[in-house]
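Structure file input-v5.cif; described as mmCIF, C-alpha atoms.
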```cif
data_my_file
loop_
_atom_site.label_atom_id
_atom_site.label_comp_id
_atom_site.auth_asym_id
_atom_site.auth_seq_id
_atom_site.Cartn_x
_atom_site.Cartn_y
_atom_site.Cartn_z
CA MET F 1 -67.33 -40.14 25.08
CA SER F 2 -67.38 -36.49 26.14
CA ARG F 3 -68.55 -35.84 29.69
CA ASP F 4 -69.97 -32.51 28.44
CA ALA F 5 -72.28 -34.39 26.09
CA LEU F 6 -73.39 -36.82 28.78
CA MET F 7 -74.16 -33.94 31.16
CA ALA F 8 -76.13 -32.05 28.50
CA ILE F 9 -78.16 -35.15 27.65
CA ALA F 10 -78.87 -35.84 31.33
CA ALA F 11 -79.96 -32.22 31.82
CA ALA F 12 -82.25 -32.37 28.80
CA ARG F 13 -83.88 -35.47 30.28
CA GLU F 14 -85.06 -33.37 33.25
CA ILE F 15 -87.17 -31.10 30.99
CA ASN F 16 -90.75 -32.24 30.42
CA ASP F 17 -92.92 -31.26 27.50
CA GLY F 18 -95.34 -28.41 28.17
CA GLU F 19 -93.37 -27.05 31.13
CA VAL F 20 -91.95 -23.59 31.74
CA ALA F 21 -88.19 -23.89 32.30
CA PHE F 22 -85.86 -21.16 33.58
CA ILE F 23 -82.58 -21.49 31.65
CA GLY F 24 -79.11 -20.15 32.39
CA THR F 25 -75.92 -19.77 30.36
CA GLY F 26 -73.87 -22.81 29.36
CA LEU F 27 -74.94 -26.44 29.46
CA PRO F 28 -78.56 -25.55 30.38
CA MET F 29 -78.88 -23.74 27.03
CA VAL F 30 -77.67 -26.78 25.12
CA ALA F 31 -79.89 -29.08 27.20
CA ALA F 32 -82.92 -26.87 26.61
CA TYR F 33 -82.58 -26.90 22.83
CA LEU F 34 -81.81 -30.62 22.82
CA ALA F 35 -85.03 -31.26 24.77
CA LYS F 36 -87.00 -28.95 22.48
CA ALA F 37 -85.69 -30.80 19.41
CA THR F 38 -86.58 -34.21 20.81
CA HIS F 39 -89.06 -35.07 23.56
CA ALA F 40 -90.22 -31.62 24.74
CA PRO F 41 -91.15 -29.49 21.70
CA SER F 42 -93.72 -27.50 23.69
CA VAL F 43 -91.49 -26.48 26.60
CA THR F 44 -91.42 -22.71 27.16
CA LEU F 45 -87.92 -21.42 27.81
CA VAL F 46 -87.44 -18.38 30.05
CA PHE F 47 -84.12 -16.56 30.45
CA GLU F 48 -83.20 -14.25 33.32
CA SER F 49 -82.83 -11.35 30.88
CA GLY F 50 -86.58 -11.60 30.20
CA ILE F 51 -86.26 -13.24 26.80
CA ILE F 52 -89.13 -15.70 26.47
CA ASP F 53 -89.00 -18.81 24.28
CA PRO F 54 -86.54 -17.66 21.59
CA ALA F 55 -85.44 -19.69 18.56
CA PRO F 56 -81.90 -18.37 17.93
CA LEU F 57 -80.07 -19.26 14.74
CA GLU F 58 -76.82 -19.54 16.70
CA LEU F 59 -76.03 -20.52 20.28
CA ALA F 60 -75.70 -17.42 22.46
CA THR F 61 -72.84 -16.90 24.89
CA GLY F 62 -75.04 -15.32 27.55
CA VAL F 63 -78.67 -14.89 28.58
CA GLY F 64 -78.69 -11.24 27.52
CA GLU F 65 -76.90 -11.56 24.20
CA TYR F 66 -78.78 -10.20 21.17
CA ARG F 67 -78.45 -13.49 19.25
CA LEU F 68 -80.59 -15.13 21.90
CA ALA F 69 -83.49 -12.77 21.20
CA TYR F 70 -84.11 -14.06 17.67
CA GLY F 71 -87.56 -15.60 17.32
CA ALA F 72 -88.56 -14.83 20.92
CA SER F 73 -92.25 -14.72 21.74
CA ALA F 74 -91.55 -11.79 24.11
CA ILE F 75 -88.70 -9.70 25.54
CA ARG F 76 -89.83 -8.28 28.86
CA GLY F 77 -86.76 -7.69 31.02
CA THR F 78 -85.38 -9.31 34.15
CA ARG F 79 -88.17 -8.09 36.41
CA ALA F 80 -90.79 -9.85 34.29
CA ALA F 81 -88.78 -13.08 34.26
CA LEU F 82 -88.46 -13.05 38.06
CA THR F 83 -92.16 -12.21 38.36
CA LEU F 84 -92.96 -15.51 36.64
CA LEU F 85 -91.07 -17.24 39.44
CA GLN F 86 -92.86 -15.26 42.12
CA GLN F 87 -96.21 -16.15 40.55
CA GLY F 88 -95.37 -19.86 40.75
CA ARG F 89 -95.41 -20.30 36.99
CA VAL F 90 -91.93 -21.84 36.56
CA ASP F 91 -91.77 -25.64 36.69
CA LEU F 92 -88.00 -26.13 36.45
CA GLY F 93 -84.91 -24.02 37.03
CA PHE F 94 -81.27 -24.86 36.35
CA LEU F 95 -78.52 -23.74 38.73
CA GLY F 96 -74.73 -23.80 38.89
CA THR F 97 -72.52 -23.36 41.95
CA ALA F 98 -69.03 -23.09 43.41
CA GLU F 99 -69.97 -25.20 46.46
CA ILE F 100 -72.81 -27.60 47.23
CA ASP F 101 -73.57 -29.58 50.38
CA ALA F 102 -75.37 -32.88 50.98
CA TYR F 103 -78.80 -31.19 51.03
CA GLY F 104 -78.25 -29.29 47.78
CA ASN F 105 -77.63 -25.90 49.40
CA LEU F 106 -75.36 -23.73 47.25
CA ASN F 107 -72.59 -21.17 47.70
CA SER F 108 -71.78 -18.76 44.87
CA THR F 109 -70.76 -15.82 47.08
CA ALA F 110 -67.41 -16.30 48.83
CA ILE F 111 -64.75 -18.82 49.81
CA GLY F 112 -63.39 -18.04 53.27
CA ASP F 113 -64.64 -15.33 55.61
CA TYR F 114 -67.44 -13.31 53.99
CA ARG F 115 -65.88 -9.93 54.81
CA ARG F 116 -62.32 -10.93 53.93
CA PRO F 117 -62.73 -13.87 51.56
CA LYS F 118 -59.99 -15.85 49.91
CA VAL F 119 -62.12 -15.76 46.75
CA ARG F 120 -65.03 -13.42 46.03
CA LEU F 121 -67.53 -15.16 43.74
CA PRO F 122 -70.23 -13.64 41.49
CA GLY F 123 -73.02 -13.94 44.06
CA SER F 124 -76.64 -14.97 43.76
CA GLY F 125 -77.98 -13.16 40.71
CA GLY F 126 -81.37 -14.77 40.23
CA ALA F 127 -80.32 -18.12 41.74
CA ASN F 128 -82.03 -17.54 45.08
CA ASP F 129 -85.30 -16.66 43.34
CA ILE F 130 -85.07 -19.76 41.16
CA ALA F 131 -84.19 -22.09 44.03
CA SER F 132 -86.84 -20.65 46.31
CA MET F 133 -89.79 -20.44 43.94
CA ALA F 134 -89.42 -22.79 40.97
CA ALA F 135 -91.43 -25.97 41.43
CA ARG F 136 -88.16 -27.91 41.26
CA THR F 137 -84.51 -27.25 40.45
CA VAL F 138 -81.62 -29.14 38.87
CA VAL F 139 -78.01 -28.31 39.71
CA ILE F 140 -75.21 -28.84 37.19
CA ALA F 141 -71.82 -29.19 38.90
CA ARG F 142 -68.70 -31.15 38.02
CA ALA F 143 -67.71 -33.59 40.76
CA GLY F 144 -64.84 -32.64 43.07
CA ARG F 145 -64.22 -32.54 46.81
CA ARG F 146 -63.65 -28.78 46.77
CA ARG F 147 -67.11 -28.26 45.26
CA PHE F 148 -69.09 -31.00 47.07
CA VAL F 149 -68.42 -30.04 50.67
CA GLU F 150 -69.65 -31.03 54.12
CA SER F 151 -70.15 -27.40 55.13
CA LEU F 152 -70.58 -24.37 52.86
CA ASN F 153 -68.40 -21.30 53.33
CA TYR F 154 -71.54 -19.23 52.75
CA LEU F 155 -75.18 -20.12 52.07
CA THR F 156 -76.19 -18.21 48.94
CA THR F 157 -79.02 -20.35 47.65
CA PRO F 158 -81.29 -22.77 49.54
CA GLY F 159 -81.57 -26.42 48.64
CA HIS F 160 -83.26 -28.64 51.20
CA LEU F 161 -81.65 -26.54 53.98
CA THR F 162 -81.29 -28.91 56.97
CA GLY F 163 -83.52 -31.69 55.67
CA PRO F 164 -87.18 -32.75 55.67
CA GLY F 165 -89.60 -29.94 56.49
CA ALA F 166 -86.96 -27.21 56.58
CA ARG F 167 -88.01 -25.49 53.35
CA ARG F 168 -91.65 -25.32 54.42
CA GLN F 169 -90.63 -23.98 57.81
CA ALA F 170 -88.63 -21.28 56.06
CA GLY F 171 -91.66 -20.36 53.92
CA LEU F 172 -90.17 -21.49 50.60
CA PRO F 173 -92.87 -22.60 48.13
CA GLY F 174 -90.73 -24.62 45.72
CA ASP F 175 -89.81 -28.27 46.30
CA GLY F 176 -86.08 -27.60 45.97
CA PRO F 177 -83.45 -29.60 44.08
CA VAL F 178 -84.36 -32.96 42.57
CA ARG F 179 -81.14 -33.79 40.68
CA VAL F 180 -77.47 -32.85 40.69
CA ILE F 181 -75.86 -33.57 37.33
CA THR F 182 -72.12 -34.20 37.61
CA ASP F 183 -69.56 -35.23 35.00
CA MET F 184 -69.60 -38.81 36.37
CA GLY F 185 -73.31 -39.42 36.84
CA VAL F 186 -76.52 -38.03 38.26
CA LEU F 187 -77.22 -37.64 41.97
CA GLY F 188 -80.69 -37.46 43.48
CA PHE F 189 -81.98 -37.02 47.03
CA HIS F 190 -83.02 -39.80 49.39
CA PRO F 191 -86.78 -39.43 50.00
CA ALA F 192 -86.46 -39.90 53.79
CA THR F 193 -83.38 -37.79 54.56
CA LEU F 194 -83.17 -35.46 51.51
CA ARG F 195 -79.41 -36.06 51.43
CA MET F 196 -77.73 -36.84 48.11
CA ARG F 197 -77.35 -40.32 46.68
CA VAL F 198 -76.28 -41.80 43.34
CA GLU F 199 -79.14 -42.44 40.88
CA ARG F 200 -77.52 -42.74 37.45
CA LEU F 201 -74.00 -43.54 36.29
CA PHE F 202 -72.36 -42.38 33.10
CA PRO F 203 -70.61 -45.12 31.10
CA GLY F 204 -67.34 -46.23 32.70
CA PHE F 205 -68.02 -44.91 36.23
CA THR F 206 -68.90 -46.66 39.48
CA PRO F 207 -70.58 -45.42 42.69
CA ASP F 208 -67.25 -45.71 44.54
CA GLN F 209 -65.57 -43.45 41.99
CA ILE F 210 -68.25 -40.81 42.49
CA GLN F 211 -68.03 -41.09 46.29
CA ALA F 212 -64.27 -40.52 46.09
CA GLU F 213 -64.95 -37.12 44.49
CA ILE F 214 -67.60 -36.04 47.02
CA GLY F 215 -66.60 -34.40 50.30
CA PHE F 216 -69.47 -35.87 52.32
CA ARG F 217 -71.05 -39.30 52.71
CA LEU F 218 -73.61 -40.09 50.04
CA GLU F 219 -76.73 -41.93 51.16
CA ASP F 220 -77.03 -45.60 50.21
CA PRO F 221 -78.48 -45.68 46.70
CA GLY F 222 -81.60 -47.42 45.58
CA GLU F 223 -81.64 -48.89 42.11
CA ILE F 224 -78.87 -47.34 39.99
CA VAL F 225 -79.24 -46.96 36.23
CA THR F 226 -76.19 -46.87 33.95
CA ASP F 227 -76.71 -44.62 30.94
CA ALA F 228 -75.97 -45.92 27.48
CA ALA F 229 -73.59 -44.04 25.21
CA PRO F 230 -75.43 -41.42 23.10
CA ASP F 231 -76.60 -42.56 19.69
CA ALA F 232 -75.53 -40.95 16.42
CA GLU F 233 -78.75 -38.95 16.07
CA THR F 234 -78.31 -37.33 19.49
CA LEU F 235 -74.68 -36.48 18.79
CA ALA F 236 -75.70 -34.93 15.47
CA LEU F 237 -78.24 -32.75 17.27
CA LEU F 238 -75.60 -31.62 19.77
CA ARG F 239 -73.28 -30.68 16.88
CA ARG F 240 -76.08 -28.67 15.29
CA ILE F 241 -76.95 -26.90 18.55
CA ASP F 242 -73.35 -26.15 19.55
CA PRO F 243 -71.27 -26.47 16.36
CA ALA F 244 -68.28 -24.56 17.77
CA GLY F 245 -68.16 -26.67 20.94
CA THR F 246 -68.67 -23.55 23.05
CA TYR F 247 -70.24 -25.54 25.90
CA VAL F 248 -70.22 -29.15 24.71
CA LYS F 249 -67.06 -30.67 23.31
CA LEU F 250 -67.94 -34.05 21.88
CA GLN F 251 -64.57 -35.53 22.76
CA ASP F 252 -62.85 -35.10 26.13
CA GLU F 253 -59.49 -33.40 25.82
#
```
Kindly return the structure encoded in the file as structure tokens.
Amino acid sequence: MSRDALMAIAAAREINDGEVAFIGTGLPMVAAYLAKATHAPSVTLVFESGIIDPAPLELATGVGEYRLAYGASAIRGTRAALTLLQQGRVDLGFLGTAEIDAYGNLNSTAIGDYRRPKVRLPGSGGANDIASMAARTVVIARAGRRRFVESLNYLTTPGHLTGPGARRQAGLPGDGPVRVITDMGVLGFHPATLRMRVERLFPGFTPDQIQAEIGFRLEDPGEIVTDAAPDAETLALLRRIDPAGTYVKLQDE
């Protein structure tokens, strides 16, 4: 079974009906339309470009692409989209990253010294706004020791910062990350320490296999759920949403 499909399904599970969700390019788009077609028909989708709740006929390749605007209830620009965050009206935001630490802090700015980096990355965009002000966030990041690191090269986007109480002390209104969706399973955060731990496994994976791909010690898990393979109806929906396999290939290569 495709890891892309399992990640998209896990991401869709994080979207609740009636919420306002801030959606980015890639798997979050697929997850959003999967949720809207199944358990969350009344979710309002907001894109950083200011496109509000569109119903595109085809999957867009970016949050500002014209195809995404079809059927939108409003097109208001990036400032309006970020204003919704600042007003506390966004329930869920999706984030990606080049690096993530045990507390869900993210780096999408630079690898190496900031002024003379080995790799210059795209930067924050709206990620800091989303992470700081959405009620909760979900990170989508493939497992790997170069991505899941003990110490970030640069802190672009806050997660739980240094642990319990740190976000409130920093004046951040949102609750921070609640899940990290990898290509092996789903990580959550221990309620006492706010460090990552395994919560769900994708079929065929074990906690030890996930730990081997993480560059820091995961907290001892509580009860771990193993996801079932997707049913035929869900796979058919994924094919309809992303027929070209732009973001979700239904078979691993």
* Of the candidates F:Thr234, F:Leu92, F:Ser132, F:Gly215, which one gets nearest to Ala170 (chain F) if we count only C-alpha atoms? -> F:Ser132
* Spatial neighbours of Glu14 (chain F), 10 Å, all atoms listed in the file, chain gap at least 3 places, as an NGL selection string -> :F and (9-11 or 17 or 31-32 or 35 or 92 or 94 or 137-138 or 178-179)
Could those selected residues go to a file with C-alpha atoms, as an mmCIF file, in the frame of the given file?
```cif
data_model
loop_
_atom_site.group_PDB
_atom_site.id
_atom_site.type_symbol
_atom_site.label_atom_id
_atom_site.label_comp_id
_atom_site.auth_asym_id
_atom_site.auth_seq_id
_atom_site.Cartn_x
_atom_site.Cartn_y
_atom_site.Cartn_z
ATOM 1 C CA ILE F 9 -78.160 -35.150 27.650
ATOM 2 C CA ALA F 10 -78.870 -35.840 31.330
ATOM 3 C CA ALA F 11 -79.960 -32.220 31.820
ATOM 4 C CA ASP F 17 -92.920 -31.260 27.500
ATOM 5 C CA ALA F 31 -79.890 -29.080 27.200
ATOM 6 C CA ALA F 32 -82.920 -26.870 26.610
ATOM 7 C CA ALA F 35 -85.030 -31.260 24.770
ATOM 8 C CA LEU F 92 -88.000 -26.130 36.450
ATOM 9 C CA PHE F 94 -81.270 -24.860 36.350
ATOM 10 C CA THR F 137 -84.510 -27.250 40.450
ATOM 11 C CA VAL F 138 -81.620 -29.140 38.870
ATOM 12 C CA VAL F 178 -84.360 -32.960 42.570
ATOM 13 C CA ARG F 179 -81.140 -33.790 40.680
#
```
* Have a look at CA of Asp227 (chain F) and CA of Asp4 (chain F) and let me know their distance in Å, one decimal. => 14.1 Å
* To do: Spell out the residues picked by the PyMOL selection byres ((chain F and resi 135) around 8) here, as number ranges by chain.
  => F: 88, 90-92, 133-134, 136-137, 173-176
Long-range neighbours of Asp101 (chain F) as an mmCIF file with C-alpha atoms, in the frame of the given file, 9 Å cut-off, only C-alpha atoms, 5 positions minimum in chain:
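See selection_16.cif below for the written result:
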```
data_model
loop_
_atom_site.group_PDB
_atom_site.id
_atom_site.type_symbol
_atom_site.label_atom_id
_atom_site.label_comp_id
_atom_site.auth_asym_id
_atom_site.auth_seq_id
_atom_site.Cartn_x
_atom_site.Cartn_y
_atom_site.Cartn_z
ATOM 1 C CA LEU F 106 -75.360 -23.730 47.250
ATOM 2 C CA ASN F 107 -72.590 -21.170 47.700
ATOM 3 C CA ARG F 147 -67.110 -28.260 45.260
ATOM 4 C CA PHE F 148 -69.090 -31.000 47.070
ATOM 5 C CA VAL F 149 -68.420 -30.040 50.670
ATOM 6 C CA GLU F 150 -69.650 -31.030 54.120
ATOM 7 C CA SER F 151 -70.150 -27.400 55.130
ATOM 8 C CA LEU F 152 -70.580 -24.370 52.860
ATOM 9 C CA GLY F 159 -81.570 -26.420 48.640
ATOM 10 C CA ARG F 195 -79.410 -36.060 51.430
ATOM 11 C CA MET F 196 -77.730 -36.840 48.110
ATOM 12 C CA GLY F 215 -66.600 -34.400 50.300
ATOM 13 C CA PHE F 216 -69.470 -35.870 52.320
#
```
Excluding Ala69 (chain F) and any residue of its chain fewer than 5 positions from it, enumerate the residues within 7 Å of it, using all atoms listed in the file, and give them as a PDB file with C-alpha atoms, keeping the file's coordinate frame.
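Saved to result_9.pdb:
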```
ATOM      1  CA  ILE F  51     -86.260 -13.240  26.800  1.00  0.00           C
ATOM      2  CA  PRO F  54     -86.540 -17.660  21.590  1.00  0.00           C
ATOM      3  CA  PRO F  56     -81.900 -18.370  17.930  1.00  0.00           C
TER       4      PRO F  56
END
```
* **Hits of the PyMOL selection byres ((chain F and resi 18) around 9) in this structure, as number ranges by chain** => F: 16-17, 19-20, 40-44
* Structure fact -> From CA of Leu250 (chain F) to CA of Leu27 (chain F) the spacing works out at 12.8 Å
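Picked out by the PyMOL selection byres ((chain F and resi 180) around 8) when it runs on this file: Gly104, Val138, Val139, Ile140, Ala141, Pro177, Val178, Arg179, Ile181, Thr182, Val186, Leu187 and Gly188 of chain F.
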* In Å, rounded to a single decimal, give me how far CA of Asp183 (chain F) is from CA of Arg145 (chain F). => 13.2 Å
Residues near Ile111 (chain F), anyone? I mean within 10 Å using all atoms listed in the file, not counting same-chain ones fewer than 5 positions away, as a compact mmCIF listing (two decimals) with C-alpha atoms, in the coordinates of the input.
```txt
# COMPACT_ATOMS: atom_id res chain seq x y z
CA ALA F 98 -69.03 -23.09 43.41
CA GLU F 99 -69.97 -25.20 46.46
CA ARG F 116 -62.32 -10.93 53.93
CA PRO F 117 -62.73 -13.87 51.56
CA LYS F 118 -59.99 -15.85 49.91
CA VAL F 119 -62.12 -15.76 46.75
CA ARG F 120 -65.03 -13.42 46.03
CA LEU F 121 -67.53 -15.16 43.74
CA LEU F 152 -70.58 -24.37 52.86
CA ASN F 153 -68.40 -21.30 53.33
CA TYR F 154 -71.54 -19.23 52.75
```
Box time for region 144-152 of chain F: axis-aligned, enclosing all its listed atoms, 4 Å extra on each side; report centre and edge lengths in Å to one decimal, as AutoDock Vina command-line options.
```
--center_x -67.1 --center_y -28.5 --center_z 49.1 --size_x 14.9 --size_y 16.3 --size_z 20.1
```
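Point (-84.2, -24.8, 25.6) has the following residues at most 9 Å away: F:Ala12, F:Ile15, F:Ala21, F:Phe22, F:Ile23, F:Pro28, F:Met29, F:Val30, F:Ala31, F:Ala32, F:Tyr33, F:Leu34, F:Ala35, F:Lys36, F:Ala37, F:Val43, F:Thr44, F:Leu45, F:Val46, F:Asp53, F:Pro54, F:Ala55 (atoms considered: all atoms listed in the file).
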* Asked: F:Gln87, F:Thr25, F:Pro158, F:Phe189: which is nearest Gly64 (chain F), counting all atoms listed in the file?
  -> F:Thr25
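Around Asp231 (chain F), within 12 Å and counting only C-alpha atoms, the residues found are Met1, Ala5, Leu6, Ile9, Leu237 and Leu238 of chain F, once anything fewer than 6 positions away on its own chain is removed.
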* **Sphere at (-86.6, -10.0, 30.0), radius 12 Å, counting all atoms listed in the file: residues as number ranges by chain** => F: 22, 45-54, 63-66, 68-69, 72-84
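Remark: for Ala166 (chain F), the closest of the candidate residues F:Arg240, F:Ala8, F:Leu194, F:Thr61 is F:Leu194 (distances computed over only C-alpha atoms).
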Can you complete the atoms of region 161-179 of chain F to N, CA and C atoms and list them as a compact mmCIF listing (two decimals), keeping the file's coordinate frame?
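Final output, rebuild-v5.txt:
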```txt
# COMPACT_ATOMS: atom_id res chain seq x y z
N LEU F 161 -82.04 -27.14 52.70
CA LEU F 161 -81.65 -26.54 53.98
C LEU F 161 -81.12 -27.61 54.93
N THR F 162 -81.80 -27.91 56.03
CA THR F 162 -81.29 -28.91 56.97
C THR F 162 -82.01 -30.26 56.85
N GLY F 163 -82.87 -30.40 55.86
CA GLY F 163 -83.52 -31.69 55.67
C GLY F 163 -85.03 -31.59 55.61
N PRO F 164 -85.72 -32.71 55.82
CA PRO F 164 -87.18 -32.75 55.67
C PRO F 164 -87.89 -31.68 56.49
N GLY F 165 -88.79 -30.97 55.83
CA GLY F 165 -89.60 -29.94 56.49
C GLY F 165 -88.96 -28.58 56.60
N ALA F 166 -87.66 -28.48 56.35
CA ALA F 166 -86.96 -27.21 56.58
C ALA F 166 -87.38 -26.14 55.58
N ARG F 167 -87.59 -26.50 54.33
CA ARG F 167 -88.01 -25.49 53.35
C ARG F 167 -89.39 -24.93 53.70
N ARG F 168 -90.32 -25.80 54.06
CA ARG F 168 -91.65 -25.32 54.42
C ARG F 168 -91.59 -24.42 55.65
N GLN F 169 -90.77 -24.80 56.60
CA GLN F 169 -90.63 -23.98 57.81
C GLN F 169 -90.07 -22.61 57.48
N ALA F 170 -89.21 -22.55 56.48
CA ALA F 170 -88.63 -21.28 56.06
C ALA F 170 -89.55 -20.49 55.14
N GLY F 171 -90.70 -21.06 54.77
CA GLY F 171 -91.66 -20.36 53.92
C GLY F 171 -91.34 -20.41 52.44
N LEU F 172 -90.54 -21.39 52.01
CA LEU F 172 -90.17 -21.49 50.60
C LEU F 172 -91.17 -22.37 49.86
N PRO F 173 -91.80 -21.86 48.80
CA PRO F 173 -92.87 -22.60 48.13
C PRO F 173 -92.40 -23.73 47.23
N GLY F 174 -91.20 -23.60 46.64
CA GLY F 174 -90.73 -24.62 45.72
C GLY F 174 -90.29 -25.88 46.45
N ASP F 175 -90.21 -26.99 45.71
CA ASP F 175 -89.81 -28.27 46.30
C ASP F 175 -88.30 -28.43 46.42
N GLY F 176 -87.53 -27.53 45.85
CA GLY F 176 -86.08 -27.60 45.97
C GLY F 176 -85.45 -28.49 44.91
N PRO F 177 -84.18 -28.83 45.10
CA PRO F 177 -83.45 -29.60 44.08
C PRO F 177 -83.92 -31.05 44.01
N VAL F 178 -84.00 -31.56 42.78
CA VAL F 178 -84.36 -32.96 42.57
C VAL F 178 -83.21 -33.77 41.99
N ARG F 179 -82.30 -33.12 41.27
CA ARG F 179 -81.14 -33.79 40.68
C ARG F 179 -79.92 -32.90 40.77
```
